[in-house]
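S.K.: The structure follows.
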Amino acid sequence: PGFIEARKRNWRTLYAGLKPLEEFFILPRSTPGSDPSWFGFLITVRETAPFDRNEFVHHLEGRKIGTRLLFGGNLVRQPAYRDIPHRVVGTLENSDAIMARTLWIGVYPGLTDEMLGFVIETIHEYVRSCTESRMRSGAGAPNP
């Protein structure tokens, strides 16, 4: 129970800290009536953000903040499935978006408030830096 509660607490801390940046990120939400023990904190970089997922991941990893991609993304685009018979229903645009723009940040129970604060502040600083750089270049603010 302590392990689960720590993961939930860490998830809530990240959510509260990153909620002001929803203009740049799609943040995870639980489904109504559920009470998940989160595996991690899922972040999807919006198409309109002044950076892409790879740049963002590189920045976080460069500051010793571990990230992971969301497993396979759109599995029908994975080479291992190329020759396996399957059917596709719809455009799979959300699967493609996840494959291209989503990442995990950990909610490991051993993370301290100080560590989580560092993650949150690092992300805020990165977004601020990218936004200011975009403004200086004359590109203007991204459209949400």
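Chain identifiers are assigned as A, B, and so on, following the order in which chains appear in the structure tokens; residues are numbered from 1 within each chain, and ligands are numbered from 1 in order of appearance.
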Return as CSV the residues of range 91-112 of chain A lying at most 12 Å from range 23-35 of chain A, together with the closest atom-to-atom pair for each and the distance in Å to one decimal, counting only C-alpha atoms, with rows in chain order and ascending residue number.
M.R.:
```
residue,atom,partner,partner_atom,distance
A:Ala97,CA,A:Ile26,CA,11.1
A:Ile98,CA,A:Ile26,CA,10.6
A:Arg101,CA,A:Phe25,CA,9.5
A:Thr102,CA,A:Ile26,CA,9.0
A:Leu103,CA,A:Leu27,CA,10.7
A:Trp104,CA,A:Pro28,CA,10.4
A:Ile105,CA,A:Leu27,CA,11.6
```
S.K.: Got a sec: who's within 9 Å of Gly73 in chain A, counting only C-alpha atoms, leaving out chain neighbours fewer than 4 positions off, as a ChimeraX atom specification?
M.R.: /A:69,77-78,95-100,102
S.K.: Of the residues A:Leu42, A:Val107, A:Leu116, A:Leu21, which is the one nearest to Ile4 in chain A, using only C-alpha atoms?
M.R.: A:Val107
S.K.: From a backbone DSSP assignment, name each residue in range 88-143 of chain A labelled strand (DSSP E), as a list in words.
M.R.: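 Taking range 88-143 of chain A and keeping strand (DSSP E) only, one gets Thr102, Leu103, Trp104, Ile105 and Gly106 of chain A.
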S.K.: Residues at most 9 Å from range 113-115 of chain A, counting only C-alpha atoms, excluding those fewer than 5 positions away in the same chain, as a ChimeraX atom specification?
M.R.: /A:10,13,120
S.K.: If you measure from CA of Gly40 in chain A to CA of Gly106 in chain A, what distance in Å do you get, rounded to one decimal?
M.R.: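 Separation of CA of Gly40 in chain A and CA of Gly106 in chain A: 4.7 Å.
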S.K.: May I have all residues of range 31-101 of chain A that DSSP, computed from the backbone, assigns to alpha helix (DSSP H), given as a ChimeraX atom specification?
M.R.: /A:53-62,93-101
S.K.: I'd like to know which of A:Leu60, A:Leu92, A:Cys130, A:Val45 is closest to Leu75 in chain A, using only C-alpha atoms.
M.R.: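 Closest residue, counting only C-alpha atoms: A:Leu92.
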S.K.: Find the residue from A:Pro1, A:Pro50, A:Gly17, A:Gly66 that sits nearest to Met135 in chain A; use only C-alpha atoms when measuring.
M.R.: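 Result for the nearest residue to Met135 in chain A: A:Pro50.
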